$ cat work38.tsv   # TSV, C-alpha atoms
chain	number	residue	atom	x	y	z
A	1	MET	CA	-16.72	73.73	-31.61
A	2	SER	CA	-18.38	70.56	-32.88
A	3	LEU	CA	-20.52	67.61	-31.84
A	4	SER	CA	-19.66	63.96	-32.44
A	5	ALA	CA	-22.10	61.45	-31.02
A	6	GLU	CA	-22.96	57.78	-31.28
A	7	ILE	CA	-26.21	57.37	-29.37
A	8	GLY	CA	-27.35	53.99	-28.08
A	9	VAL	CA	-30.24	54.26	-25.60
A	10	THR	CA	-33.06	51.92	-24.62
A	11	VAL	CA	-36.08	53.44	-22.87
A	12	GLY	CA	-38.73	50.87	-22.03
A	13	GLY	CA	-39.10	48.89	-25.23
A	14	PHE	CA	-37.89	51.74	-27.46
A	15	GLU	CA	-34.36	51.69	-28.89
A	16	LEU	CA	-32.56	54.77	-30.15
A	17	ASP	CA	-29.51	53.98	-32.27
A	18	LEU	CA	-28.01	56.76	-34.37
A	19	ASP	CA	-24.87	58.77	-35.12
A	20	LEU	CA	-24.57	62.54	-35.32
A	21	GLU	CA	-21.80	64.81	-36.60
A	22	VAL	CA	-22.57	68.53	-36.43
A	23	ALA	CA	-20.01	71.20	-37.30
A	24	ASP	CA	-19.25	74.45	-35.55
A	25	GLY	CA	-21.80	77.11	-36.53
A	26	GLU	CA	-24.14	74.57	-38.15
A	27	LEU	CA	-27.83	74.42	-37.32
A	28	LEU	CA	-29.23	70.90	-37.59
A	29	ALA	CA	-32.97	70.27	-37.48
A	30	VAL	CA	-33.98	66.83	-36.25
A	31	LEU	CA	-37.35	66.13	-37.84
A	32	GLY	CA	-39.64	63.17	-37.35
A	33	PRO	CA	-43.10	61.99	-36.34
A	34	ASN	CA	-44.27	61.68	-32.76
A	35	GLY	CA	-42.59	58.77	-31.02
A	36	SER	CA	-39.69	58.61	-33.46
A	37	GLY	CA	-37.00	59.29	-30.83
A	38	LYS	CA	-36.39	63.02	-31.31
A	39	THR	CA	-36.87	64.06	-27.68
A	40	THR	CA	-35.00	61.00	-26.38
A	41	LEU	CA	-32.06	62.10	-28.54
A	42	LEU	CA	-32.15	65.59	-27.06
A	43	ARG	CA	-32.38	64.24	-23.51
A	44	ALA	CA	-29.43	61.92	-24.13
A	45	LEU	CA	-27.29	64.80	-25.42
A	46	ALA	CA	-28.26	66.93	-22.42
A	47	GLY	CA	-27.37	64.13	-20.00
A	48	LEU	CA	-30.94	63.60	-18.80
A	49	VAL	CA	-30.85	60.04	-20.20
A	50	PRO	CA	-27.48	58.24	-19.83
A	51	LEU	CA	-26.19	56.29	-22.82
A	52	ASP	CA	-26.27	52.51	-22.77
A	53	GLU	CA	-23.58	52.49	-25.43
A	54	GLY	CA	-21.73	54.95	-27.65
A	55	HIS	CA	-20.27	58.33	-26.81
A	56	ILE	CA	-20.92	62.08	-26.85
A	57	VAL	CA	-18.07	64.51	-27.55
A	58	VAL	CA	-18.61	68.29	-27.61
A	59	ASP	CA	-15.74	70.52	-28.69
A	60	GLY	CA	-13.27	67.70	-28.06
A	61	VAL	CA	-14.52	67.01	-24.52
A	62	LEU	CA	-15.92	63.56	-23.73
A	63	LEU	CA	-19.25	63.90	-21.91
A	64	ASP	CA	-20.65	60.38	-21.97
A	65	ASP	CA	-19.06	57.01	-22.73
A	66	PRO	CA	-20.34	54.07	-20.71
A	67	GLY	CA	-17.56	51.87	-22.05
A	68	ALA	CA	-14.96	54.23	-20.59
A	69	GLY	CA	-16.92	54.88	-17.40
A	70	VAL	CA	-17.40	58.57	-18.24
A	71	PHE	CA	-20.61	60.45	-17.49
A	72	VAL	CA	-20.68	64.23	-17.01
A	73	PRO	CA	-23.91	65.23	-15.20
A	74	PRO	CA	-26.29	67.64	-16.97
A	75	GLU	CA	-25.48	70.67	-14.83
A	76	GLN	CA	-21.77	70.36	-15.65
A	77	ARG	CA	-22.17	70.00	-19.42
A	78	PRO	CA	-21.44	72.97	-21.74
A	79	ILE	CA	-24.97	72.66	-23.07
A	80	GLY	CA	-27.96	75.00	-23.07
A	81	VAL	CA	-31.49	73.64	-23.46
A	82	VAL	CA	-34.74	75.33	-24.46
A	83	PHE	CA	-37.53	72.96	-23.45
A	84	GLN	CA	-40.81	72.61	-25.32
A	85	GLN	CA	-42.89	74.23	-22.57
A	86	TYR	CA	-39.99	76.59	-21.72
A	87	LEU	CA	-40.16	75.55	-18.00
A	88	LEU	CA	-39.74	79.06	-16.61
A	89	PHE	CA	-39.98	79.40	-12.84
A	90	GLU	CA	-43.34	81.06	-12.24
A	91	HIS	CA	-42.25	82.70	-8.95
A	92	LEU	CA	-39.19	84.36	-10.51
A	93	SER	CA	-38.96	87.41	-12.74
A	94	ALA	CA	-37.69	87.08	-16.30
A	95	ARG	CA	-34.33	88.48	-15.15
A	96	ASP	CA	-34.01	85.98	-12.30
A	97	ASN	CA	-35.06	83.11	-14.56
A	98	VAL	CA	-32.18	83.95	-16.89
A	99	ALA	CA	-29.80	84.42	-13.93
A	100	PHE	CA	-30.75	81.09	-12.36
A	101	GLY	CA	-28.19	78.98	-14.21
A	102	LEU	CA	-25.44	81.46	-13.50
A	103	ARG	CA	-26.28	81.48	-9.80
A	104	ALA	CA	-26.36	77.68	-9.77
A	105	ARG	CA	-22.79	77.71	-11.09
A	106	GLY	CA	-21.58	80.00	-8.33
A	107	VAL	CA	-21.82	83.44	-9.94
A	108	LYS	CA	-22.67	86.11	-7.35
A	109	LYS	CA	-26.12	87.66	-7.45
A	110	GLY	CA	-25.10	91.10	-8.73
A	111	PRO	CA	-23.00	89.91	-11.71
A	112	ALA	CA	-25.54	87.19	-12.50
A	113	ARG	CA	-28.42	89.66	-12.67
A	114	ALA	CA	-26.33	92.06	-14.75
A	115	GLU	CA	-25.51	89.31	-17.25
A	116	ALA	CA	-29.17	88.25	-17.28
A	117	ALA	CA	-30.21	91.82	-18.12
A	118	ARG	CA	-27.70	91.86	-20.98
A	119	ARG	CA	-29.04	88.56	-22.32
A	120	LEU	CA	-32.63	89.79	-22.15
A	121	ALA	CA	-31.63	92.92	-24.06
A	122	SER	CA	-30.01	90.74	-26.74
A	123	VAL	CA	-33.37	89.05	-27.40
A	124	GLY	CA	-35.32	92.32	-27.37
A	125	LEU	CA	-36.68	92.11	-23.82
A	126	ALA	CA	-34.68	94.80	-22.04
A	127	ASP	CA	-37.89	96.30	-20.62
A	128	ARG	CA	-39.40	92.99	-19.40
A	129	GLY	CA	-36.82	91.98	-16.80
A	130	ASP	CA	-39.20	92.44	-13.86
A	131	ALA	CA	-42.12	90.57	-15.49
A	132	ARG	CA	-43.18	87.17	-14.18
A	133	PRO	CA	-43.80	84.36	-16.72
A	134	ALA	CA	-47.59	84.78	-16.36
A	135	GLU	CA	-47.21	88.35	-17.60
A	136	LEU	CA	-45.33	87.37	-20.75
A	137	SER	CA	-46.73	86.45	-24.15
A	138	GLY	CA	-45.84	83.07	-25.62
A	139	GLY	CA	-43.22	84.63	-27.86
A	140	GLN	CA	-41.70	86.59	-24.97
A	141	ALA	CA	-41.55	83.46	-22.79
A	142	GLN	CA	-39.77	81.63	-25.59
A	143	ARG	CA	-37.17	84.41	-25.79
A	144	VAL	CA	-36.64	84.35	-22.01
A	145	ALA	CA	-36.05	80.59	-22.21
A	146	LEU	CA	-33.55	81.13	-25.03
A	147	ALA	CA	-31.74	83.87	-23.07
A	148	ARG	CA	-31.54	81.54	-20.06
A	149	ALA	CA	-30.10	78.75	-22.21
A	150	LEU	CA	-27.44	81.09	-23.62
A	151	ALA	CA	-26.50	82.78	-20.34
A	152	ASN	CA	-23.83	80.19	-19.47
A	153	ASP	CA	-22.15	80.50	-22.89
A	154	PRO	CA	-22.84	76.89	-23.94
A	155	ARG	CA	-20.96	75.20	-26.76
A	156	LEU	CA	-24.04	73.20	-27.76
A	157	LEU	CA	-27.57	74.65	-27.86
A	158	LEU	CA	-30.56	72.27	-27.90
A	159	LEU	CA	-34.10	73.41	-28.66
A	160	ASP	CA	-36.99	70.97	-28.17
A	161	GLU	CA	-40.03	71.95	-30.28
A	162	PRO	CA	-39.32	75.67	-29.60
A	163	LEU	CA	-42.44	76.88	-31.44
A	164	ALA	CA	-44.91	74.11	-30.58
A	165	ALA	CA	-46.38	75.95	-27.59
A	166	LEU	CA	-47.33	78.99	-29.70
A	167	ASP	CA	-50.57	79.60	-31.56
A	168	VAL	CA	-50.51	79.73	-35.35
A	169	ALA	CA	-50.82	83.51	-35.51
A	170	THR	CA	-47.77	84.00	-33.26
A	171	ARG	CA	-45.59	81.25	-34.68
A	172	ARG	CA	-44.61	82.94	-37.95
A	173	GLN	CA	-43.21	86.07	-36.31
A	174	VAL	CA	-41.49	84.14	-33.52
A	175	ARG	CA	-39.96	81.77	-36.09
A	176	ARG	CA	-38.50	84.76	-37.91
A	177	ASP	CA	-37.17	86.23	-34.65
A	178	LEU	CA	-35.72	82.88	-33.58
A	179	ARG	CA	-33.85	82.51	-36.87
A	180	HIS	CA	-32.25	85.92	-36.28
A	181	GLN	CA	-31.39	85.14	-32.65
A	182	LEU	CA	-29.86	81.76	-33.43
A	183	GLY	CA	-27.78	83.38	-36.13
A	184	GLY	CA	-25.78	85.14	-33.42
A	185	PHE	CA	-24.76	81.90	-31.69
A	186	GLY	CA	-21.46	80.53	-32.93
A	187	GLY	CA	-21.64	77.02	-31.49
A	188	VAL	CA	-23.50	73.90	-32.52
A	189	ARG	CA	-27.29	74.27	-32.67
A	190	ILE	CA	-29.82	71.44	-32.80
A	191	VAL	CA	-33.55	72.05	-33.16
A	192	VAL	CA	-35.90	69.13	-32.56
A	193	THR	CA	-39.26	69.50	-34.29
A	194	HIS	CA	-42.13	67.61	-35.92
A	195	ASP	CA	-43.00	70.62	-38.11
A	196	PRO	CA	-41.25	70.66	-41.51
A	197	VAL	CA	-41.85	74.41	-41.82
A	198	ASP	CA	-39.74	75.03	-38.70
A	199	ALA	CA	-37.02	72.72	-39.99
A	200	TYR	CA	-36.91	74.29	-43.42
A	201	ALA	CA	-37.01	77.87	-42.09
A	202	LEU	CA	-34.32	77.46	-39.43
A	203	ALA	CA	-31.88	74.74	-40.45
A	204	ASP	CA	-28.75	74.41	-42.57
A	205	ARG	CA	-29.24	70.65	-42.62
A	206	VAL	CA	-32.04	68.26	-41.71
A	207	ALA	CA	-31.84	64.78	-40.17
A	208	ILE	CA	-35.00	62.69	-40.47
A	209	VAL	CA	-35.49	60.37	-37.48
A	210	ASP	CA	-38.01	57.56	-37.60
A	211	GLY	CA	-38.23	54.43	-35.48
A	212	GLY	CA	-35.16	55.38	-33.44
A	213	SER	CA	-32.73	55.82	-36.33
A	214	ILE	CA	-31.78	58.43	-38.93
A	215	VAL	CA	-33.43	57.43	-42.21
A	216	GLN	CA	-32.21	60.42	-44.23
A	217	SER	CA	-29.95	63.43	-43.79
A	218	GLY	CA	-29.06	66.35	-46.02
A	219	THR	CA	-30.03	69.83	-47.06
A	220	VAL	CA	-33.69	70.68	-47.48
A	221	ALA	CA	-33.24	70.66	-51.26
A	222	GLU	CA	-31.61	67.20	-51.22
A	223	ILE	CA	-34.31	65.67	-49.03
A	224	THR	CA	-37.13	67.25	-51.01
A	225	ALA	CA	-35.68	66.06	-54.33
A	226	HIS	CA	-35.03	62.47	-53.27
A	227	PRO	CA	-37.16	61.22	-50.35
A	228	ARG	CA	-36.03	57.89	-48.93
A	229	SER	CA	-38.99	57.03	-46.70
A	230	ARG	CA	-42.77	57.28	-46.88
A	231	TYR	CA	-42.73	59.78	-44.01
A	232	VAL	CA	-40.46	62.14	-45.93
A	233	ALA	CA	-42.44	61.69	-49.15
A	234	GLU	CA	-45.64	62.64	-47.34
A	235	LEU	CA	-43.91	65.67	-45.87
A	236	VAL	CA	-42.97	66.99	-49.29
A	237	GLY	CA	-46.30	66.03	-50.83
A	238	THR	CA	-45.30	63.27	-53.23
A	239	ASN	CA	-45.70	59.49	-53.69
A	240	LEU	CA	-42.75	57.22	-52.95
A	241	ILE	CA	-42.48	53.66	-54.28
A	242	GLU	CA	-39.71	51.35	-53.12
A	243	GLY	CA	-38.68	48.18	-54.88
A	244	ARG	CA	-36.14	46.45	-57.08
A	245	LEU	CA	-35.50	47.58	-60.63
A	246	ASP	CA	-35.07	45.01	-63.40
A	247	ARG	CA	-35.04	46.09	-67.06
A	248	SER	CA	-37.11	49.24	-66.52
A	249	VAL	CA	-39.67	47.45	-64.37
A	250	LEU	CA	-39.77	48.34	-60.68
A	251	VAL	CA	-41.08	45.43	-58.60
A	252	THR	CA	-42.32	46.59	-55.19
A	253	LEU	CA	-41.90	44.69	-51.92
A	254	ASP	CA	-45.49	43.44	-52.41
A	255	GLY	CA	-44.80	42.24	-55.95
A	256	VAL	CA	-46.53	45.07	-57.81
A	257	GLU	CA	-44.87	45.88	-61.14
A	258	VAL	CA	-44.41	49.51	-62.22
A	259	ALA	CA	-43.08	50.41	-65.67
A	260	VAL	CA	-40.42	53.14	-65.53
A	261	VAL	CA	-37.62	54.56	-67.66
A	262	ALA	CA	-34.23	53.74	-66.11
A	263	ASP	CA	-30.66	52.89	-67.10
A	264	PHE	CA	-29.72	50.79	-64.06
A	265	ASP	CA	-30.91	47.72	-62.15
A	266	GLY	CA	-31.11	46.98	-58.43
A	267	PRO	CA	-32.81	48.46	-55.34
A	268	ALA	CA	-34.48	51.75	-56.21
A	269	PHE	CA	-36.91	54.45	-55.19
A	270	ALA	CA	-39.48	55.99	-57.53
A	271	ILE	CA	-41.21	59.35	-57.09
A	272	VAL	CA	-44.65	59.89	-58.56
A	273	ARG	CA	-45.87	63.50	-58.45
A	274	PRO	CA	-49.57	63.68	-57.52
A	275	GLN	CA	-50.19	66.01	-60.49
A	276	SER	CA	-48.95	63.34	-62.94
A	277	ILE	CA	-51.62	60.78	-61.99
A	278	THR	CA	-54.74	60.64	-64.18
A	279	LEU	CA	-57.98	59.37	-62.63
A	280	ALA	CA	-60.98	57.75	-64.31
A	281	ARG	CA	-64.06	55.89	-63.19
A	282	VAL	CA	-63.02	52.91	-65.34
A	283	ALA	CA	-59.66	52.03	-66.87
A	284	ALA	CA	-59.12	54.12	-70.00
A	285	ASP	CA	-57.31	53.13	-73.19
A	286	THR	CA	-54.34	55.52	-73.02
A	287	SER	CA	-50.61	55.61	-73.76
A	288	ALA	CA	-49.87	55.37	-70.03
A	289	ARG	CA	-48.00	52.13	-69.29
A	290	ASN	CA	-49.23	51.93	-65.69
A	291	THR	CA	-52.86	51.57	-64.65
A	292	PHE	CA	-53.94	50.58	-61.15
A	293	ASP	CA	-57.48	50.01	-59.91
A	294	GLY	CA	-58.30	51.08	-56.39
A	295	VAL	CA	-60.78	52.69	-54.02
A	296	VAL	CA	-60.93	56.35	-53.00
A	297	ASP	CA	-60.04	56.54	-49.30
A	298	ASP	CA	-59.59	60.32	-48.89
A	299	VAL	CA	-60.65	63.54	-50.59
A	300	ASP	CA	-58.96	66.74	-49.41
A	301	ARG	CA	-59.81	70.07	-51.02
A	302	ILE	CA	-57.02	72.68	-51.00
A	303	GLY	CA	-58.16	75.85	-52.74
A	304	ASP	CA	-58.91	75.05	-56.37
A	305	ARG	CA	-57.08	71.72	-56.19
A	306	VAL	CA	-58.12	68.38	-54.68
A	307	ARG	CA	-55.85	65.62	-53.34
A	308	VAL	CA	-57.43	62.19	-53.76
A	309	GLY	CA	-56.08	59.22	-51.82
A	310	ILE	CA	-56.35	55.84	-53.56
A	311	ALA	CA	-56.07	52.51	-51.76
A	312	GLY	CA	-55.08	49.65	-54.04
A	313	PRO	CA	-52.04	47.63	-55.14
A	314	LEU	CA	-50.16	50.91	-54.57
A	315	HIS	CA	-51.38	53.53	-52.15
A	316	LEU	CA	-51.27	56.71	-54.22
A	317	THR	CA	-52.28	60.34	-53.83
A	318	ALA	CA	-53.41	62.15	-56.98
A	319	GLU	CA	-53.98	65.88	-57.35
A	320	ILE	CA	-56.78	67.05	-59.65
A	321	THR	CA	-58.89	70.17	-60.09
A	322	VAL	CA	-62.19	70.76	-58.35
A	323	GLY	CA	-63.83	70.63	-61.79
A	324	ALA	CA	-62.35	67.20	-62.47
A	325	LEU	CA	-63.56	65.96	-59.09
A	326	ASP	CA	-67.07	67.21	-59.76
A	327	SER	CA	-67.04	65.69	-63.26
A	328	LEU	CA	-65.97	62.29	-61.94
A	329	GLY	CA	-68.25	62.56	-58.90
A	330	LEU	CA	-65.69	60.83	-56.70
A	331	ARG	CA	-66.42	60.17	-53.03
A	332	PRO	CA	-64.63	58.05	-50.43
A	333	GLY	CA	-65.40	54.39	-51.09
A	334	ASP	CA	-65.82	54.81	-54.86
A	335	ALA	CA	-63.91	52.61	-57.29
A	336	VAL	CA	-61.36	54.49	-59.37
A	337	SER	CA	-58.64	53.80	-61.93
A	338	ALA	CA	-55.28	55.59	-61.68
A	339	SER	CA	-52.96	55.90	-64.68
A	340	LEU	CA	-49.40	57.20	-64.84
A	341	LYS	CA	-46.85	57.36	-67.62
A	342	ALA	CA	-43.47	55.71	-67.22
A	343	THR	CA	-41.83	58.95	-68.37
A	344	ASP	CA	-43.47	60.85	-65.48
A	345	ILE	CA	-41.85	58.64	-62.84
A	346	GLU	CA	-38.50	59.76	-61.42
A	347	ILE	CA	-36.27	56.84	-60.45
A	348	TYR	CA	-33.05	56.75	-58.39
A	349	PRO	CA	-30.96	54.13	-56.55
A	350	ALA	CA	-31.99	53.16	-53.01
$ encode --input "work38.tsv" --output "structure tokens"
Amino acid sequence: MSLSAEIGVTVGGFELDLDLEVADGELLAVLGPNGSGKTTLLRALAGLVPLDEGHIVVDGVLLDDPGAGVFVPPEQRPIGVVFQQYLLFEHLSARDNVAFGLRARGVKKGPARAEAARRLASVGLADRGDARPAELSGGQAQRVALARALANDPRLLLLDEPLAALDVATRRQVRRDLRHQLGGFGGVRIVVTHDPVDAYALADRVAIVDGGSIVQSGTVAEITAHPRSRYVAELVGTNLIEGRLDRSVLVTLDGVEVAVVADFDGPAFAIVRPQSITLARVAADTSARNTFDGVVDDVDRIGDRVRVGIAGPLHLTAEITVGALDSLGLRPGDAVSASLKATDIEIYPA
């Protein structure tokens, strides 16, 4: 089983244009900010939004190809979906919610309810079959929704923000349970989320979607090591500078020059760890080859560390101790000088 998709969809003024290849048994997390196109992608795969161009092939079966005049309706696709709000039928028991899809496909009531009971048992809810959705906890409702999605033996499982409806205290345990439950599904699994913790905890591979396209894809380790967009850099807590490298000087798109140590020229990304930035009230005479004046625009205390946002020629985030913050007396709106050594900047081709 596998997924091969070229997605071209326009919804209102928003355009989604991306390609996906997901292998049998792989769990892909689609991660991105609100409005990036994540849910539109899921709806297109499920058949809830027809393609304008491209194709969707699951396990060798063509499901959507406007050029070839092919469109398989959602209810006939070998796809299970867990929606963000779970969308359980309030008037039905947990067992009948799980059996609903089977009944809709012509399975008789007795066998459908028996299979539903088996699916509930597989997610640890054997004793909750008679409960209505209002009687279930958030974690239990999520498991009922997952059992319902799996009841028809789909070849592709889609989960839209599966943990977003849960409170923080519940989310950690349910995330652990979900990882175990998804491990027993042998087909293609795609989890759509805006939470990097969910992506990192559940996925084999992550695709970063922003502005309707995939801006980066790879393992968690690959993405963390080499961010290729400001969104990803902020997710992993680092500073990303994009520009063109010429003789160990990176010139940004705005013309700011940054001294680095590099053995190549051309388009490049630079990572600056917040801990490697030194702050001062006025520019200091140091060995650092880069000094930028700016204004403090954010101060965020995290335990015994403080992240200081600096607006200037480069927008940077520095991380200093609480003691250093108190010594400098920095507040939002204050002038500040940021210094960083060329040897502390990691550089790689764009």
$ residues_around --input "work38.tsv" --residues "Leu88 of chain A" --least-positions-apart "3" --cutoff "10 Å" --atoms "only C-alpha atoms" --output "ChimeraX atom specification"
/A:83,85,91-94,96-98,132-134,141-142,144-145,148
$ residues_around --input "work38.tsv" --residues "Thr252 of chain A" --least-positions-apart "6" --cutoff "8 Å" --atoms "all atoms listed in the file" --output "ChimeraX atom specification"
/A:241-244,258
$ residues_around --input "work38.tsv" --residues "Glu234 of chain A" --least-positions-apart "2" --cutoff "12 Å" --atoms "all atoms listed in the file" --output "PDB file with C-alpha atoms, keeping the file's coordinate frame"
ATOM      1  CA  GLY A  32     -39.640  63.170 -37.350  1.00  0.00           C
ATOM      2  CA  PRO A  33     -43.100  61.990 -36.340  1.00  0.00           C
ATOM      3  CA  PRO A 196     -41.250  70.660 -41.510  1.00  0.00           C
ATOM      4  CA  ILE A 223     -34.310  65.670 -49.030  1.00  0.00           C
ATOM      5  CA  THR A 224     -37.130  67.250 -51.010  1.00  0.00           C
ATOM      6  CA  PRO A 227     -37.160  61.220 -50.350  1.00  0.00           C
ATOM      7  CA  ARG A 228     -36.030  57.890 -48.930  1.00  0.00           C
ATOM      8  CA  SER A 229     -38.990  57.030 -46.700  1.00  0.00           C
ATOM      9  CA  ARG A 230     -42.770  57.280 -46.880  1.00  0.00           C
ATOM     10  CA  TYR A 231     -42.730  59.780 -44.010  1.00  0.00           C
ATOM     11  CA  VAL A 232     -40.460  62.140 -45.930  1.00  0.00           C
ATOM     12  CA  VAL A 236     -42.970  66.990 -49.290  1.00  0.00           C
ATOM     13  CA  GLY A 237     -46.300  66.030 -50.830  1.00  0.00           C
ATOM     14  CA  THR A 238     -45.300  63.270 -53.230  1.00  0.00           C
ATOM     15  CA  ASN A 239     -45.700  59.490 -53.690  1.00  0.00           C
ATOM     16  CA  LEU A 240     -42.750  57.220 -52.950  1.00  0.00           C
ATOM     17  CA  ILE A 241     -42.480  53.660 -54.280  1.00  0.00           C
ATOM     18  CA  ILE A 271     -41.210  59.350 -57.090  1.00  0.00           C
ATOM     19  CA  VAL A 272     -44.650  59.890 -58.560  1.00  0.00           C
ATOM     20  CA  ARG A 273     -45.870  63.500 -58.450  1.00  0.00           C
ATOM     21  CA  PRO A 274     -49.570  63.680 -57.520  1.00  0.00           C
ATOM     22  CA  GLY A 309     -56.080  59.220 -51.820  1.00  0.00           C
ATOM     23  CA  HIS A 315     -51.380  53.530 -52.150  1.00  0.00           C
ATOM     24  CA  LEU A 316     -51.270  56.710 -54.220  1.00  0.00           C
ATOM     25  CA  THR A 317     -52.280  60.340 -53.830  1.00  0.00           C
TER      26      THR A 317
END
$ residues_around --input "work38.tsv" --residues "Glu222 of chain A" --least-positions-apart "6" --cutoff "10 Å" --atoms "all atoms listed in the file" --output "ChimeraX atom specification"
/A:205-206,216
$ write_last_selection --input "work38.tsv" --atoms "C-alpha atoms" --output "mmCIF file, in the coordinates of the input"
data_model
loop_
_atom_site.group_PDB
_atom_site.id
_atom_site.type_symbol
_atom_site.label_atom_id
_atom_site.label_comp_id
_atom_site.auth_asym_id
_atom_site.auth_seq_id
_atom_site.Cartn_x
_atom_site.Cartn_y
_atom_site.Cartn_z
ATOM 1 C CA ARG A 205 -29.240 70.650 -42.620
ATOM 2 C CA VAL A 206 -32.040 68.260 -41.710
ATOM 3 C CA GLN A 216 -32.210 60.420 -44.230
#
$ closest_residue --input "work38.tsv" --among "A:Leu62, A:Ala199, A:Ala117, A:Val11" --to "Leu28 of chain A" --atoms "only C-alpha atoms"
A:Ala199
$ closest_residue --input "work38.tsv" --among "A:Ala201, A:Leu63, A:Ala29, A:Ala268" --to "Glu161 of chain A" --atoms "only C-alpha atoms"
A:Ala29
$ closest_atom_pairs --input "work38.tsv" --of "segment 203-297 of chain A" --to "segment 333-349 of chain A" --cutoff "9 Å" --atoms "only C-alpha atoms" --output "Markdown table"
| residue | atom | partner | partner_atom | distance |
| --- | --- | --- | --- | --- |
| A:His226 | CA | A:Tyr348 | CA | 7.9 |
| A:Leu245 | CA | A:Pro349 | CA | 9.0 |
| A:Val258 | CA | A:Ala342 | CA | 8.0 |
| A:Ala259 | CA | A:Ala342 | CA | 5.5 |
| A:Val260 | CA | A:Ala342 | CA | 4.3 |
| A:Val261 | CA | A:Ala342 | CA | 6.0 |
| A:Ala262 | CA | A:Ile347 | CA | 6.8 |
| A:Phe264 | CA | A:Pro349 | CA | 8.3 |
| A:Asp265 | CA | A:Pro349 | CA | 8.5 |
| A:Gly266 | CA | A:Pro349 | CA | 7.4 |
| A:Pro267 | CA | A:Pro349 | CA | 6.1 |
| A:Ala268 | CA | A:Pro349 | CA | 4.3 |
| A:Phe269 | CA | A:Tyr348 | CA | 5.5 |
| A:Ala270 | CA | A:Ile347 | CA | 4.4 |
| A:Ile271 | CA | A:Glu346 | CA | 5.1 |
| A:Val272 | CA | A:Ile345 | CA | 5.3 |
| A:Arg273 | CA | A:Ile345 | CA | 7.7 |
| A:Ser276 | CA | A:Leu340 | CA | 6.4 |
| A:Ile277 | CA | A:Leu340 | CA | 5.1 |
| A:Thr278 | CA | A:Ser339 | CA | 5.1 |
| A:Leu279 | CA | A:Ala338 | CA | 4.7 |
| A:Ala280 | CA | A:Ser337 | CA | 5.2 |
| A:Arg281 | CA | A:Val336 | CA | 4.9 |
| A:Val282 | CA | A:Ser337 | CA | 5.6 |
| A:Ala283 | CA | A:Ser337 | CA | 5.3 |
| A:Ala284 | CA | A:Ser337 | CA | 8.1 |
| A:Thr286 | CA | A:Ser339 | CA | 8.5 |
| A:Ser287 | CA | A:Lys341 | CA | 7.4 |
| A:Ala288 | CA | A:Lys341 | CA | 4.3 |
| A:Arg289 | CA | A:Lys341 | CA | 5.6 |
| A:Asn290 | CA | A:Leu340 | CA | 5.3 |
| A:Thr291 | CA | A:Ser339 | CA | 4.3 |
| A:Phe292 | CA | A:Ala338 | CA | 5.2 |
| A:Asp293 | CA | A:Ser337 | CA | 4.4 |
| A:Gly294 | CA | A:Val336 | CA | 5.5 |
| A:Val295 | CA | A:Ala335 | CA | 4.5 |
| A:Val296 | CA | A:Gly333 | CA | 5.2 |
| A:Asp297 | CA | A:Gly333 | CA | 6.0 |
$ atom_distance --input "work38.tsv" --atom1 "atom CA of Glu115 of chain A" --atom2 "atom CA of Leu202 of chain A"
26.6 Å
